[in-house]
Amino acid sequence: KEEGTGLGMLMVYSTINKVKGIIEVESEKGKGTTFLITIPA
């Protein structure tokens, strides 16, 4: 993505952090990015 402010990701990170969750990011240039979000039960 070539445009945007990044505020959406900041909001997601803040929310996941509040519930003691984990965000894992795997990115490969030319292929894309994968986000794994784990929220404790």
# chains A, B, ... in the order shown; residues from 1 in each chain; ligands from 1
$ select_by_dssp --residues "chain A" --states "helix (DSSP H, G or I)" --output "PDB file with C-alpha atoms, in the first residue's frame"
ATOM      1  CA  LEU A   7      -3.748   4.980  12.167  1.00  0.00           C
ATOM      2  CA  GLY A   8      -5.791   1.848  11.462  1.00  0.00           C
ATOM      3  CA  MET A   9      -2.900  -0.406  12.441  1.00  0.00           C
ATOM      4  CA  LEU A  10      -2.261   1.711  15.533  1.00  0.00           C
ATOM      5  CA  MET A  11      -5.893   1.263  16.620  1.00  0.00           C
ATOM      6  CA  VAL A  12      -5.726  -2.503  16.057  1.00  0.00           C
ATOM      7  CA  TYR A  13      -2.432  -2.791  17.962  1.00  0.00           C
ATOM      8  CA  SER A  14      -3.820  -0.766  20.874  1.00  0.00           C
ATOM      9  CA  THR A  15      -6.973  -2.892  21.089  1.00  0.00           C
ATOM     10  CA  ILE A  16      -5.111  -6.210  20.918  1.00  0.00           C
ATOM     11  CA  ASN A  17      -2.581  -4.972  23.479  1.00  0.00           C
ATOM     12  CA  LYS A  18      -5.381  -4.077  25.947  1.00  0.00           C
TER      13      LYS A  18
END
$ residues_around --residues "segment 30-41 of chain A" --least-positions-apart "5" --cutoff "9 Å" --atoms "only C-alpha atoms" --output "JSON, numbers by chain"
{"A": [16, 19, 20, 21, 22, 23, 24, 25]}
$ write_last_selection --atoms "N, CA and C atoms" --output "PDB file, in the first residue's frame"
ATOM      1  N   ILE A  16      -5.642  -4.875  20.637  1.00  0.00           N
ATOM      2  CA  ILE A  16      -5.111  -6.210  20.918  1.00  0.00           C
ATOM      3  C   ILE A  16      -4.233  -6.175  22.168  1.00  0.00           C
ATOM      4  N   VAL A  19      -6.139  -6.353  25.539  1.00  0.00           N
ATOM      5  CA  VAL A  19      -6.646  -7.665  25.948  1.00  0.00           C
ATOM      6  C   VAL A  19      -5.517  -8.696  26.071  1.00  0.00           C
ATOM      7  N   LYS A  20      -4.278  -8.196  26.134  1.00  0.00           N
ATOM      8  CA  LYS A  20      -3.086  -9.035  26.299  1.00  0.00           C
ATOM      9  C   LYS A  20      -2.898 -10.016  25.149  1.00  0.00           C
ATOM     10  N   GLY A  21      -3.267  -9.580  23.956  1.00  0.00           N
ATOM     11  CA  GLY A  21      -3.095 -10.401  22.761  1.00  0.00           C
ATOM     12  C   GLY A  21      -1.735 -10.192  22.128  1.00  0.00           C
ATOM     13  N   ILE A  22      -1.495 -10.941  21.066  1.00  0.00           N
ATOM     14  CA  ILE A  22      -0.219 -10.900  20.352  1.00  0.00           C
ATOM     15  C   ILE A  22      -0.498 -10.700  18.867  1.00  0.00           C
ATOM     16  N   ILE A  23       0.296  -9.849  18.228  1.00  0.00           N
ATOM     17  CA  ILE A  23       0.229  -9.675  16.776  1.00  0.00           C
ATOM     18  C   ILE A  23       1.581 -10.083  16.203  1.00  0.00           C
ATOM     19  N   GLU A  24       1.556 -11.064  15.294  1.00  0.00           N
ATOM     20  CA  GLU A  24       2.768 -11.487  14.603  1.00  0.00           C
ATOM     21  C   GLU A  24       2.639 -11.081  13.145  1.00  0.00           C
ATOM     22  N   VAL A  25       3.718 -10.567  12.573  1.00  0.00           N
ATOM     23  CA  VAL A  25       3.698 -10.090  11.193  1.00  0.00           C
ATOM     24  C   VAL A  25       4.778 -10.801  10.399  1.00  0.00           C
TER      25      VAL A  25
END
$ select_by_dssp --residues "chain A" --states "strand (DSSP E or B)" --output "list of chain:residue names"
A:Ile22, A:Ile23, A:Glu24, A:Val25, A:Glu26, A:Ser27, A:Glu28, A:Gly32, A:Thr33, A:Thr34, A:Phe35, A:Leu36, A:Ile37, A:Thr38
